[in-house]
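The next block holds one structure in the form of structure tokens; read it before the comments.
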Amino acid sequence: MRKSLFATGLRWLWLVVVVIGIDLASKLWVMNNMALHETIPIVPYFNLFYAHNFGAAFSFLADKGGWQRWFFAGIAIAIAVALLVMMYRTAASQKINNIAYALIIGGALGNLFDRAWHGFVVDFIDFYIGGWHFATFNIADCGICVGAALIVLEGFITPSGKQAKQKGKA
């Protein structure tokens with residue numbers, strides 16, 4: 001018997017589209033309205049700062065001559081495919097897992113688009129305290145981090161829920 005795609009985690013694919021849409025729209029706005037390395041202060045601890053990231057998180061491997069562009073693109077594709085398979089195998093009712101997977105896929109594909117189209121990822125979110133600045137990031141990175149945090153959170157929530165169900169069956 002064939003299961004309906006709406007009964008699987010693929011029901012949450014709309015969230016992938018939302019993350020990609022917001023990510024690409026925000027990056028397009030930054031590229032069209034800011035000069036590279038321009039800073040726009042928003043509040044005392046937050047700026048918009050337009051940067052190009054040729055590497056991965058925290059500019060990892062940014063200075064390695066270009067091969068890393070395709071390496072990180074391959075990783076993004078592999079992660080997206082693996083998580084799509086996991087979403088297909090997960091019931092739509094497992095909301096936290098599916099939302100987490102969708103956020104990570106959306107973030108990975110948003111940054112993949114940048115790498116493939118521009119050769120770099122557009123970053124612009126800059127949090128700071130005094131003279132210390134956190135690494136500049138973007139909406140796609142937020143999706144990846146929130147998705148990863150939800151997976152960790154689900155790991156803490158699920159075990160106690162399973163134990164409670166098992167006690168009820170005994």
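Residue names in the structure tokens use chain letters A, B, ... in the order shown, residue numbers from 1 in each chain, and ligand numbers from 1 in the order shown.
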Closest atom pairs, residues of stretch 1-101 of chain A within 6 Å of stretch 118-142 of chain A, only C-alpha atoms, as CSV:
residue,atom,partner,partner_atom,distance
A:Asp23,CA,A:Ile139,CA,5.0
A:Tyr45,CA,A:Tyr128,CA,5.1
A:Phe46,CA,A:Phe127,CA,4.6
A:Asn47,CA,A:Asp126,CA,5.1
A:Leu48,CA,A:Phe124,CA,5.2
A:Phe49,CA,A:Phe124,CA,4.6
A:Tyr50,CA,A:Phe124,CA,4.6
A:Ala51,CA,A:Asp123,CA,5.2
A:His52,CA,A:Val122,CA,5.0
A:Asn53,CA,A:Val121,CA,5.0
A:Phe54,CA,A:Phe120,CA,4.6
A:Phe58,CA,A:Ala135,CA,5.8
Give me a file of those residues, with N, CA, C and O atoms, as a short mmCIF file (atom, residue, chain, number, x, y, z; two decimals), in the first residue's frame.
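Full text of part_16.cif as output:
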data_model
loop_
_atom_site.label_atom_id
_atom_site.label_comp_id
_atom_site.auth_asym_id
_atom_site.auth_seq_id
_atom_site.Cartn_x
_atom_site.Cartn_y
_atom_site.Cartn_z
N ASP A 23 15.13 34.11 2.96
CA ASP A 23 16.58 34.21 2.87
C ASP A 23 17.00 34.92 1.59
O ASP A 23 17.77 35.90 1.63
N TYR A 45 23.29 46.99 19.77
CA TYR A 45 23.97 45.69 19.76
C TYR A 45 23.77 44.93 18.45
O TYR A 45 24.13 43.77 18.33
N PHE A 46 23.21 45.61 17.44
CA PHE A 46 22.86 44.92 16.20
C PHE A 46 23.05 45.86 15.01
O PHE A 46 22.53 46.98 14.99
N ASN A 47 23.80 45.39 14.01
CA ASN A 47 24.01 46.10 12.75
C ASN A 47 23.62 45.20 11.59
O ASN A 47 23.61 43.97 11.71
N LEU A 48 23.37 45.82 10.46
CA LEU A 48 23.42 45.11 9.19
C LEU A 48 24.82 45.40 8.65
O LEU A 48 25.25 46.56 8.60
N PHE A 49 25.54 44.36 8.29
CA PHE A 49 26.89 44.50 7.76
C PHE A 49 27.01 43.57 6.57
O PHE A 49 26.94 42.34 6.70
N TYR A 50 27.17 44.14 5.38
CA TYR A 50 27.21 43.36 4.15
C TYR A 50 28.59 42.73 3.95
O TYR A 50 29.59 43.43 3.83
N ALA A 51 28.62 41.40 3.91
CA ALA A 51 29.87 40.66 3.74
C ALA A 51 29.67 39.49 2.79
O ALA A 51 28.57 38.97 2.65
N HIS A 52 30.75 39.10 2.15
CA HIS A 52 30.77 37.89 1.31
C HIS A 52 31.56 36.83 2.07
O HIS A 52 32.67 37.08 2.51
N ASN A 53 30.98 35.65 2.21
CA ASN A 53 31.65 34.54 2.89
C ASN A 53 31.95 33.47 1.85
O ASN A 53 31.04 32.83 1.32
N PHE A 54 33.22 33.26 1.59
CA PHE A 54 33.64 32.25 0.61
C PHE A 54 33.83 30.88 1.25
O PHE A 54 34.09 29.91 0.56
N PHE A 58 31.61 30.65 10.25
CA PHE A 58 32.76 31.39 10.78
C PHE A 58 33.88 31.52 9.74
O PHE A 58 35.05 31.55 10.08
#
Checklist entry - Which residues, written as an NGL selection string, have at least one atom at most 12 Å from A:Gly143, with only C-alpha atoms counted and residues fewer than 5 positions away on the same chain left out? => result :A and (15-23 or 99-111 or 137-138 or 148-150)
Checklist entry - Quick one: distance from atom CA of A:Gly147 to atom CA of A:Ala7 in Å, one decimal? => result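 Computed distance, atom CA of A:Gly147 to atom CA of A:Ala7, equals 21.0 Å.
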